[in-house]
>>> print(open('coords.cif').read())   # mmCIF, C-alpha atoms and all ligand atoms
data_protein
#
loop_
_atom_site.label_atom_id
_atom_site.label_comp_id
_atom_site.auth_asym_id
_atom_site.auth_seq_id
_atom_site.Cartn_x
_atom_site.Cartn_y
_atom_site.Cartn_z
CA MET A 22 -0.36 -15.64 -1.78
CA THR A 23 -1.46 -13.42 -4.65
CA ILE A 24 -2.04 -9.74 -3.87
CA PRO A 25 -5.73 -9.46 -4.84
CA LEU A 26 -5.82 -6.06 -6.56
CA ILE A 27 -9.32 -4.80 -7.17
CA ASN A 28 -8.81 -1.16 -8.19
CA ILE A 29 -6.13 1.34 -9.14
CA ILE A 30 -6.88 5.03 -8.61
CA ILE A 31 -4.79 7.91 -9.89
CA HIS A 32 -5.16 11.21 -8.10
CA ARG A 33 -3.86 14.17 -10.09
CA LEU A 34 -2.82 16.99 -7.79
CA ASN A 35 -1.51 20.50 -7.97
CA MET A 36 0.33 21.99 -4.99
CA ARG A 37 1.93 25.41 -4.62
CA MET A 38 5.42 25.54 -3.20
CA ILE A 39 6.33 27.86 -0.33
CA ASP A 40 9.47 28.96 -2.17
CA PRO A 41 10.42 28.68 -5.85
CA PHE A 42 13.22 26.16 -6.53
CA ALA A 43 15.80 27.24 -9.14
CA THR A 44 18.39 24.96 -10.78
CA SER A 45 20.66 25.20 -13.81
CA PHE A 46 17.76 23.94 -15.97
CA GLY A 47 14.85 26.04 -14.72
CA THR A 48 12.68 27.23 -11.84
CA MET A 49 9.70 25.47 -10.22
CA GLN A 50 7.02 27.53 -8.43
CA GLY A 51 4.51 24.79 -7.88
CA LYS A 52 4.15 21.13 -8.53
CA GLU A 53 1.69 19.13 -10.53
CA PHE A 54 2.03 15.39 -9.87
CA TYR A 55 -0.01 12.26 -9.29
CA ILE A 56 -0.57 9.71 -6.57
CA VAL A 57 -1.20 6.05 -7.39
CA GLU A 58 -3.54 4.27 -4.99
CA VAL A 59 -3.84 0.49 -5.25
CA VAL A 60 -6.71 -1.23 -3.46
CA ASP A 61 -7.04 -4.91 -2.60
CA THR A 62 -10.16 -7.03 -2.00
CA ASP A 63 -9.55 -6.87 1.77
CA GLY A 64 -9.90 -3.08 1.77
CA ASN A 65 -6.18 -2.25 2.15
CA HIS A 66 -4.81 0.78 0.30
CA GLY A 67 -1.23 1.25 -0.93
CA TYR A 68 0.15 4.55 -2.15
CA GLY A 69 2.92 5.62 -4.51
CA GLU A 70 3.88 9.07 -5.79
CA GLY A 71 4.76 9.90 -9.38
CA VAL A 72 7.90 12.04 -9.39
CA ALA A 73 8.02 13.07 -13.06
CA PHE A 74 7.86 16.82 -13.62
CA SER A 75 5.46 18.48 -16.05
CA ILE A 76 8.42 19.54 -18.24
CA PRO A 77 11.07 16.96 -19.32
CA TRP A 78 14.06 18.96 -18.05
CA TYR A 79 15.44 16.53 -15.49
CA THR A 80 14.77 13.31 -17.42
CA GLU A 81 12.71 12.74 -20.57
CA GLU A 82 9.64 11.62 -18.61
CA THR A 83 6.70 13.94 -17.92
CA ILE A 84 3.48 13.59 -15.95
CA LYS A 85 1.49 13.18 -19.16
CA SER A 86 3.91 10.61 -20.61
CA ASN A 87 3.69 8.71 -17.31
CA LEU A 88 -0.11 8.69 -17.31
CA ALA A 89 -0.20 7.39 -20.88
CA ILE A 90 2.30 4.61 -20.10
CA ILE A 91 0.44 3.64 -16.94
CA GLU A 92 -2.95 3.49 -18.64
CA ASP A 93 -1.84 1.94 -21.95
CA PHE A 94 0.75 -0.56 -20.73
CA LEU A 95 1.41 -0.91 -16.99
CA ILE A 96 -2.16 -1.42 -15.82
CA PRO A 97 -2.88 -3.98 -18.57
CA ILE A 98 0.25 -5.90 -17.48
CA LEU A 99 -1.04 -5.96 -13.91
CA ARG A 100 -4.45 -7.13 -15.13
CA ASP A 101 -2.80 -10.02 -16.97
CA ASN A 102 -0.34 -11.14 -14.29
CA ALA A 103 -0.95 -12.17 -10.69
CA ILE A 104 1.64 -10.85 -8.23
CA GLU A 105 2.69 -12.40 -4.96
CA HIS A 106 5.55 -10.09 -4.08
CA PRO A 107 6.40 -6.52 -5.17
CA ASN A 108 9.80 -7.74 -6.40
CA GLU A 109 7.87 -9.32 -9.30
CA VAL A 110 6.57 -5.97 -10.57
CA PHE A 111 9.74 -4.48 -12.08
CA PRO A 112 10.63 -7.65 -14.05
CA LEU A 113 7.09 -7.66 -15.49
CA PHE A 114 7.50 -4.02 -16.54
CA GLU A 115 11.05 -4.52 -17.77
CA ARG A 116 10.04 -5.63 -21.24
CA LEU A 117 8.96 -2.01 -21.76
CA ARG A 118 11.93 0.29 -22.21
CA GLY A 119 12.48 3.29 -19.97
CA ASN A 120 9.61 5.15 -18.31
CA ASN A 121 11.11 4.37 -14.93
CA MET A 122 9.17 7.01 -13.01
CA ALA A 123 5.84 5.63 -14.25
CA LYS A 124 6.93 2.10 -13.28
CA ALA A 125 8.17 3.26 -9.87
CA ALA A 126 4.92 5.06 -9.00
CA ILE A 127 2.92 1.84 -9.47
CA GLU A 128 5.54 -0.43 -7.91
CA GLY A 129 5.82 1.88 -4.87
CA ALA A 130 2.07 1.69 -4.28
CA ILE A 131 2.23 -2.12 -4.48
CA TRP A 132 5.15 -2.19 -2.00
CA ASP A 133 3.11 -0.10 0.45
CA LEU A 134 0.09 -2.37 -0.02
CA TYR A 135 2.23 -5.48 0.44
CA ALA A 136 3.78 -4.14 3.66
CA LYS A 137 0.33 -3.25 5.00
CA ARG A 138 -0.97 -6.72 4.16
CA GLN A 139 2.02 -8.18 6.05
CA GLY A 140 1.46 -5.74 8.94
CA VAL A 141 5.05 -4.47 8.80
CA PRO A 142 6.55 -1.02 8.18
CA LEU A 143 7.69 -0.52 4.58
CA ALA A 144 11.25 0.10 5.81
CA LYS A 145 11.31 -3.35 7.37
CA ALA A 146 9.76 -4.98 4.29
CA LEU A 147 12.60 -3.45 2.24
CA GLY A 148 15.23 -4.84 4.60
CA GLY A 149 16.03 -1.56 6.36
CA LYS A 150 17.19 -1.56 9.96
CA LYS A 151 17.72 2.09 10.91
CA THR A 152 15.18 3.65 13.26
CA GLU A 153 16.11 7.19 12.24
CA ILE A 154 17.80 8.66 9.19
CA ASP A 155 20.17 11.59 8.72
CA VAL A 156 19.02 14.22 6.29
CA GLY A 157 20.43 17.18 4.41
CA ILE A 158 18.78 19.85 2.33
CA SER A 159 19.01 21.00 -1.27
CA ILE A 160 18.96 24.77 -1.78
CA GLY A 161 18.10 26.19 -5.19
CA ILE A 162 19.96 29.04 -6.87
CA GLN A 163 19.31 32.27 -4.95
CA PRO A 164 19.09 35.83 -6.32
CA SER A 165 22.21 36.88 -4.36
CA VAL A 166 25.00 35.38 -2.25
CA LYS A 167 23.66 37.26 0.77
CA GLU A 168 20.28 35.56 0.40
CA LEU A 169 21.99 32.23 -0.07
CA LEU A 170 24.04 32.64 3.12
CA ASN A 171 20.86 33.53 5.02
CA LYS A 172 19.10 30.44 3.66
CA ILE A 173 22.01 28.20 4.65
CA GLU A 174 22.05 29.68 8.14
CA HIS A 175 18.29 29.14 8.43
CA PHE A 176 18.48 25.47 7.44
CA LEU A 177 21.53 24.78 9.61
CA GLU A 178 19.57 26.18 12.55
CA GLN A 179 16.88 23.63 11.74
CA GLY A 180 19.56 20.94 12.14
CA TYR A 181 20.08 19.73 8.55
CA LYS A 182 23.30 17.71 8.37
CA ARG A 183 24.55 18.79 4.99
CA ILE A 184 23.87 21.54 2.51
CA LYS A 185 23.55 20.90 -1.23
CA LEU A 186 23.98 23.94 -3.44
CA LYS A 187 23.07 24.25 -7.10
CA ILE A 188 25.82 25.48 -9.38
CA LYS A 189 25.96 26.53 -13.03
CA PRO A 190 28.53 28.41 -15.14
CA GLY A 191 28.94 31.90 -13.68
CA HIS A 192 27.51 30.76 -10.36
CA ASP A 193 30.10 28.35 -9.05
CA VAL A 194 33.65 28.81 -7.74
CA ASP A 195 33.32 32.38 -6.39
CA MET A 196 29.94 31.67 -4.83
CA LEU A 197 31.24 28.47 -3.22
CA HIS A 198 34.30 30.30 -1.83
CA GLU A 199 32.02 32.83 -0.15
CA VAL A 200 29.91 30.07 1.30
CA ARG A 201 33.00 28.18 2.50
CA LYS A 202 34.34 31.34 4.14
CA ALA A 203 31.07 31.84 6.03
CA PHE A 204 30.66 28.14 6.92
CA PRO A 205 34.17 26.66 7.20
CA ASP A 206 33.12 23.35 8.77
CA THR A 207 29.70 22.66 7.27
CA PRO A 208 29.37 19.57 5.06
CA ILE A 209 28.65 21.14 1.67
CA MET A 210 28.19 19.61 -1.78
CA ALA A 211 27.44 21.08 -5.19
CA ASP A 212 24.96 19.84 -7.82
CA ALA A 213 25.50 20.98 -11.42
CA ASN A 214 22.64 19.12 -13.16
CA SER A 215 24.88 18.57 -16.19
CA ALA A 216 25.74 22.23 -16.69
CA TYR A 217 29.42 21.66 -17.64
CA THR A 218 31.56 19.84 -20.21
CA LEU A 219 35.16 18.58 -20.16
CA ASP A 220 36.14 21.97 -21.62
CA ASP A 221 35.47 23.32 -18.11
CA ILE A 222 38.01 20.99 -16.52
CA GLU A 223 40.29 23.76 -15.24
CA LEU A 224 37.37 25.48 -13.57
CA LEU A 225 36.08 22.23 -12.09
CA LYS A 226 39.54 21.47 -10.67
CA GLN A 227 39.29 24.65 -8.61
CA LEU A 228 36.51 22.96 -6.65
CA ASP A 229 39.17 20.78 -5.02
CA ASP A 230 40.18 23.75 -2.83
CA LEU A 231 36.74 23.91 -1.24
CA ASN A 232 36.63 20.65 0.70
CA LEU A 233 33.27 19.67 -0.78
CA MET A 234 31.72 16.32 0.11
CA MET A 235 31.12 15.73 -3.60
CA ILE A 236 30.12 17.30 -6.87
CA GLU A 237 26.91 15.89 -8.31
CA GLN A 238 26.42 15.29 -12.04
CA PRO A 239 28.78 17.93 -13.44
CA LEU A 240 28.66 16.61 -17.04
CA GLN A 241 26.14 15.46 -19.66
CA HIS A 242 22.99 13.76 -18.34
CA HIS A 243 23.63 10.33 -19.91
CA ASP A 244 27.40 10.34 -19.67
CA ILE A 245 29.70 8.01 -17.76
CA ILE A 246 32.76 8.25 -20.05
CA ASP A 247 33.67 11.92 -19.60
CA HIS A 248 32.84 11.67 -15.90
CA ALA A 249 35.50 8.94 -15.63
CA LYS A 250 38.03 11.25 -17.28
CA LEU A 251 37.03 14.09 -14.96
CA GLN A 252 37.13 11.94 -11.81
CA LYS A 253 40.75 11.03 -12.58
CA GLU A 254 41.61 14.75 -12.52
CA LEU A 255 39.61 15.64 -9.42
CA GLN A 256 40.15 14.86 -5.76
CA THR A 257 36.56 15.79 -4.95
CA PRO A 258 34.35 12.72 -5.33
CA ILE A 259 31.92 12.81 -8.24
CA CYS A 260 28.38 11.64 -7.48
CA LEU A 261 26.20 10.53 -10.39
CA ASP A 262 22.51 11.43 -10.49
CA GLU A 263 20.98 11.84 -13.98
CA SER A 264 23.30 9.26 -15.60
CA ILE A 265 22.03 6.40 -13.43
CA HIS A 266 18.85 4.63 -14.58
CA SER A 267 19.56 1.05 -13.52
CA LEU A 268 21.87 -1.35 -11.73
CA TYR A 269 23.54 -1.88 -15.13
CA ASP A 270 24.43 1.83 -15.33
CA VAL A 271 25.85 1.69 -11.81
CA GLN A 272 27.98 -1.34 -12.62
CA LYS A 273 29.43 0.33 -15.72
CA ALA A 274 30.02 3.64 -13.94
CA ILE A 275 31.88 1.95 -11.10
CA GLU A 276 33.86 -0.21 -13.52
CA LEU A 277 34.96 2.90 -15.43
CA GLY A 278 35.66 4.95 -12.29
CA SER A 279 33.10 7.59 -13.30
CA CYS A 280 32.11 8.36 -9.71
CA LYS A 281 32.79 7.53 -6.07
CA ILE A 282 29.24 8.08 -4.80
CA ILE A 283 25.78 7.25 -6.19
CA ASN A 284 22.58 9.24 -5.71
CA ILE A 285 19.67 6.79 -5.75
CA LYS A 286 16.38 8.35 -6.78
CA VAL A 287 13.75 5.65 -6.58
CA GLY A 288 11.76 7.05 -9.51
CA ARG A 289 14.77 7.46 -11.78
CA VAL A 290 15.79 3.80 -11.41
CA GLY A 291 12.30 2.31 -11.76
CA GLY A 292 11.34 1.61 -8.18
CA LEU A 293 12.23 0.24 -4.78
CA SER A 294 13.29 -3.24 -5.92
CA GLU A 295 15.89 -1.85 -8.34
CA SER A 296 16.97 0.67 -5.66
CA ILE A 297 17.68 -2.22 -3.27
CA LYS A 298 19.75 -4.00 -5.94
CA ILE A 299 21.77 -0.84 -6.58
CA HIS A 300 22.20 -0.31 -2.85
CA ASP A 301 23.45 -3.88 -2.34
CA TYR A 302 25.84 -3.73 -5.29
CA CYS A 303 27.30 -0.40 -4.14
CA GLU A 304 27.68 -1.76 -0.61
CA ASP A 305 29.73 -4.68 -1.97
CA GLN A 306 31.86 -2.29 -4.00
CA GLY A 307 32.47 0.11 -1.09
CA ILE A 308 30.57 2.92 -2.83
CA PRO A 309 28.38 4.96 -0.46
CA VAL A 310 24.88 5.94 -1.63
CA TRP A 311 22.32 8.54 -0.57
CA CYS A 312 18.70 9.14 -1.43
CA GLY A 313 17.95 11.98 -3.83
CA GLY A 314 14.73 13.97 -3.83
CA MET A 315 12.25 15.12 -6.47
CA LEU A 316 10.51 17.80 -4.41
CA GLU A 317 8.08 15.14 -3.29
CA ALA A 318 4.93 15.56 -1.30
CA GLY A 319 4.41 13.33 1.73
CA ILE A 320 3.89 9.96 0.06
CA GLY A 321 7.06 10.17 -2.01
CA ARG A 322 8.90 11.48 1.03
CA ALA A 323 7.68 8.48 3.07
CA HIS A 324 9.03 6.08 0.43
CA ASN A 325 12.38 7.89 0.51
CA VAL A 326 12.50 7.62 4.29
CA ALA A 327 11.84 3.88 4.06
CA ILE A 328 14.56 3.11 1.50
CA THR A 329 17.09 5.26 3.37
CA THR A 330 16.91 2.85 6.32
CA LEU A 331 19.13 0.42 4.35
CA ALA A 332 22.65 0.33 5.77
CA ASN A 333 24.67 1.69 2.84
CA PHE A 334 22.63 4.92 2.67
CA ILE A 335 25.59 6.34 4.56
CA LEU A 336 25.41 9.98 3.47
CA PRO A 337 22.54 12.34 4.39
CA GLY A 338 19.97 12.54 1.59
CA ASP A 339 17.73 15.29 0.19
CA THR A 340 14.60 14.14 2.05
CA ALA A 341 13.83 17.24 4.06
CA GLY A 342 10.73 17.72 6.20
CA SER A 343 7.31 18.32 4.60
CA SER A 344 7.56 22.01 5.51
CA ARG A 345 10.55 22.42 3.17
CA TYR A 346 8.14 22.93 0.24
CA TRP A 347 4.57 22.62 1.55
CA LYS A 348 2.39 24.75 3.74
CA LYS A 349 0.22 21.68 4.14
CA ASP A 350 1.22 18.16 3.14
CA ILE A 351 -1.08 15.29 2.10
CA ILE A 352 -0.04 12.97 4.95
CA LYS A 353 -0.70 12.84 8.67
CA PRO A 354 1.52 13.38 10.55
CA GLU A 355 3.78 15.36 8.24
CA VAL A 356 7.44 14.38 7.83
CA VAL A 357 9.33 16.22 10.55
CA VAL A 358 13.08 16.81 10.82
CA GLU A 359 14.54 17.33 14.27
CA ASN A 360 18.26 17.81 14.83
CA GLY A 361 18.84 16.68 11.26
CA VAL A 362 17.11 13.33 11.64
CA ILE A 363 13.75 11.88 10.66
CA LYS A 364 12.35 9.18 12.92
CA VAL A 365 11.31 6.20 10.83
CA PRO A 366 7.59 5.49 11.34
CA THR A 367 6.68 2.12 12.82
CA ALA A 368 3.09 1.69 11.57
CA PRO A 369 2.52 -0.80 8.72
CA GLY A 370 3.34 0.33 5.17
CA ILE A 371 4.63 3.85 4.60
CA GLY A 372 3.66 4.56 8.19
CA TYR A 373 1.92 7.87 7.52
CA GLU A 374 -1.83 8.27 6.94
CA VAL A 375 -3.07 9.94 3.80
CA ASP A 376 -4.87 13.17 4.73
CA GLU A 377 -8.01 12.61 2.64
CA GLU A 378 -9.17 16.20 3.05
CA ALA A 379 -5.86 17.60 1.84
CA LEU A 380 -5.75 15.08 -1.00
CA GLU A 381 -9.18 16.23 -2.14
CA ALA A 382 -8.33 19.90 -1.74
CA PHE A 383 -5.30 19.58 -4.07
CA ARG A 384 -6.89 17.14 -6.53
CA PHE A 385 -8.11 18.28 -9.94
CA GLU A 386 -8.74 14.86 -11.47
CA LYS A 387 -9.38 11.31 -10.29
CA LEU A 388 -8.96 8.35 -12.65
CA GLU A 389 -10.13 4.85 -11.77
CA PHE A 390 -9.01 1.57 -13.29
CA PRO A 391 -10.97 -1.43 -11.99
CA MET A 392 -8.79 -4.53 -12.13
O1 LIG B 1 13.76 17.08 -3.35
C1 LIG B 1 14.41 18.10 -3.16
O2 LIG B 1 14.41 18.70 -2.07
C2 LIG B 1 15.23 18.71 -4.24
C3 LIG B 1 16.18 17.77 -4.80
C4 LIG B 1 16.97 18.35 -5.92
O3 LIG B 1 17.95 19.00 -5.64
C5 LIG B 1 16.61 18.06 -7.27
C6 LIG B 1 15.42 17.52 -7.64
C7 LIG B 1 15.09 17.38 -9.00
C8 LIG B 1 15.90 17.84 -9.97
C9 LIG B 1 17.04 18.68 -9.61
O4 LIG B 1 16.64 19.99 -9.55
C10 LIG B 1 17.65 18.30 -8.29
C11 LIG B 1 18.63 17.17 -8.41
O5 LIG B 1 19.20 17.04 -9.47
O6 LIG B 1 18.87 16.41 -7.47
MG MG B 2 21.02 16.13 -8.81
#
>>> encode(input="coords.cif", output="structure tokens")
Amino acid sequence: MTIPLINIIIHRLNMRMIDPFATSFGTMQGKEFYIVEVVDTDGNHGYGEGVAFSIPWYTEETIKSNLAIIEDFLIPILRDNAIEHPNEVFPLFERLRGNNMAKAAIEGAIWDLYAKRQGVPLAKALGGKKTEIDVGISIGIQPSVKELLNKIEHFLEQGYKRIKLKIKPGHDVDMLHEVRKAFPDTPIMADANSAYTLDDIELLKQLDDLNLMMIEQPLQHHDIIDHAKLQKELQTPICLDESIHSLYDVQKAIELGSCKIINIKVGRVGGLSESIKIHDYCEDQGIPVWCGGMLEAGIGRAHNVAITTLANFILPGDTAGSSRYWKKDIIKPEVVVENGVIKVPTAPGIGYEVDEEALEAFRFEKLEFPM
């Protein structure tokens, strides 16, 4: 049966973060983003979260580029094509190159709506079986090692199952040795956000002494060739983040031996359907995956929780609790982490209610697109 879309609403929001988040490419103090709400003729509402940043420093997409693509191309495609299942959305969008985060925001809202229409949790609609998921936390670059050690301690006390640390030239091997000394048994990984080149190979080899779970995206943001050369020289598994935009990229990276682990970010790969395909392919190839984060508010977090219930999301992801970044989130209840796990909600769709009051409080613009 066709999903009878009647309206698409875009809520543009601005939320302040509790703590700034610093990486090798820049520092975020707050987050502007958008929520896509799709409404059907039966009065059901599905929600997706746009994960593009306002500056194109992680990928080339931005909030404004997303909004233009959604309005000019994606919504007209949905007006022209009836959809019965959310798996049909990405193929319809595929004739447009790139812009995966814009596509994923719309597709995610349609997945939520579909699951609600079926009366099943989104996790189940995606094929997930876990009832709770293990989570880790990503810690930005801190002003001093002392502050970093305190932060790690604080998050370990909250139960997080692995710590991801941001590295960049000048803030890598020595810092990681200090952390390892203070936390000899903690699962730790490092994320470079493409801050190195193959010229740094001798330095990167020193990471092998640190017993890291993995090093994430050490080299150029589109590369899989140099990563393959580096992986041959390293014992530490390489995990690809920025280089992966599609199942095709994953297939080529695995074929070349560019990595041993894949970070799936739903927005980066164009949505939940493509995420499932990547998950399934990696499972067949014996490559573990985990779910990356984009400092999401509650709706994006809920989507990440749902996809992480698939079996090959073996490693703890970056989906921390709502309180990691937000004093108040836009969902009820908020995402809560206890003993390093999030309980997967059982209500239909994303399983969390949108907090209309909070949504309105953070909203600075509302755009409506009748279908
Ligand atoms: O969602 C989070 O908690 C943060 C995840 C995180 O580490 C990142 C989000 C977005 C861009 C990068 O800075 C970084 C990453 O590369 O994974
Ligand atoms: Mg990363």
>>> residues_near_ligand(input="coords.cif", ligand="ligand LIG 1 (chain B)", cutoff="8 Å", atoms="only C-alpha atoms and all ligand atoms", output="list of chain:residue names")
A:Phe42, A:Ala43, A:Thr44, A:Ser45, A:Phe46, A:Tyr79, A:Ile158, A:Ser159, A:Ile160, A:Gly161, A:Lys185, A:Lys187, A:Asp212, A:Ala213, A:Asn214, A:Glu237, A:Gln238, A:Asp262, A:Glu263, A:Gly313, A:Gly314, A:Met315, A:Leu316, A:Glu317, A:Asp339, A:Thr340, A:Ala341, A:Arg345, A:Tyr346
>>> closest_residue(input="coords.cif", among="A:Glu304, A:Asp193, A:Asp155, A:Glu276", to="Tyr181 in chain A", atoms="all atoms listed in the file")
A:Asp155
>>> residues_near_point(input="coords.cif", point="(26.8, 20.7, -2.6)", cutoff="12 Å", atoms="only C-alpha atoms", output="PyMOL selection string")
chain A and resi 157-162+173+182-189+193-194+196-197+200-201+207-214+228+231-239+257-260+337-339
>>> atom_distance(input="coords.cif", atom1="CA of Lys202 in chain A", atom2="CA of Leu255 in chain A")
21.4 Å
>>> closest_residue(input="coords.cif", among="A:Ile246, A:Leu177, A:Ile299, A:Val326", to="His266 in chain A", atoms="only C-alpha atoms")
A:Ile299
>>> closest_residue(input="coords.cif", among="A:Val59, A:Leu99, A:Leu336, A:Ala323", to="Tyr135 in chain A", atoms="only C-alpha atoms")
A:Val59
>>> residues_around(input="coords.cif", residues="Pro25 in chain A", least_positions_apart="2", cutoff="12 Å", atoms="all atoms listed in the file", output="ChimeraX atom specification")
/A:22-23,27-29,59-66,99-100,102-106,131,134-135,138,391-392
>>> atom_distance(input="coords.cif", atom1="CA of Trp347 in chain A", atom2="CA of Ser296 in chain A")
26.2 Å
>>> atom_distance(input="coords.cif", atom1="CA of Val362 in chain A", atom2="CA of Ser344 in chain A")
14.3 Å
>>> closest_residue(input="coords.cif", among="A:Ile24, A:Val271, A:Cys312, A:Val72", to="ligand MG 2 (chain B)", atoms="all atoms listed in the file")
A:Cys312
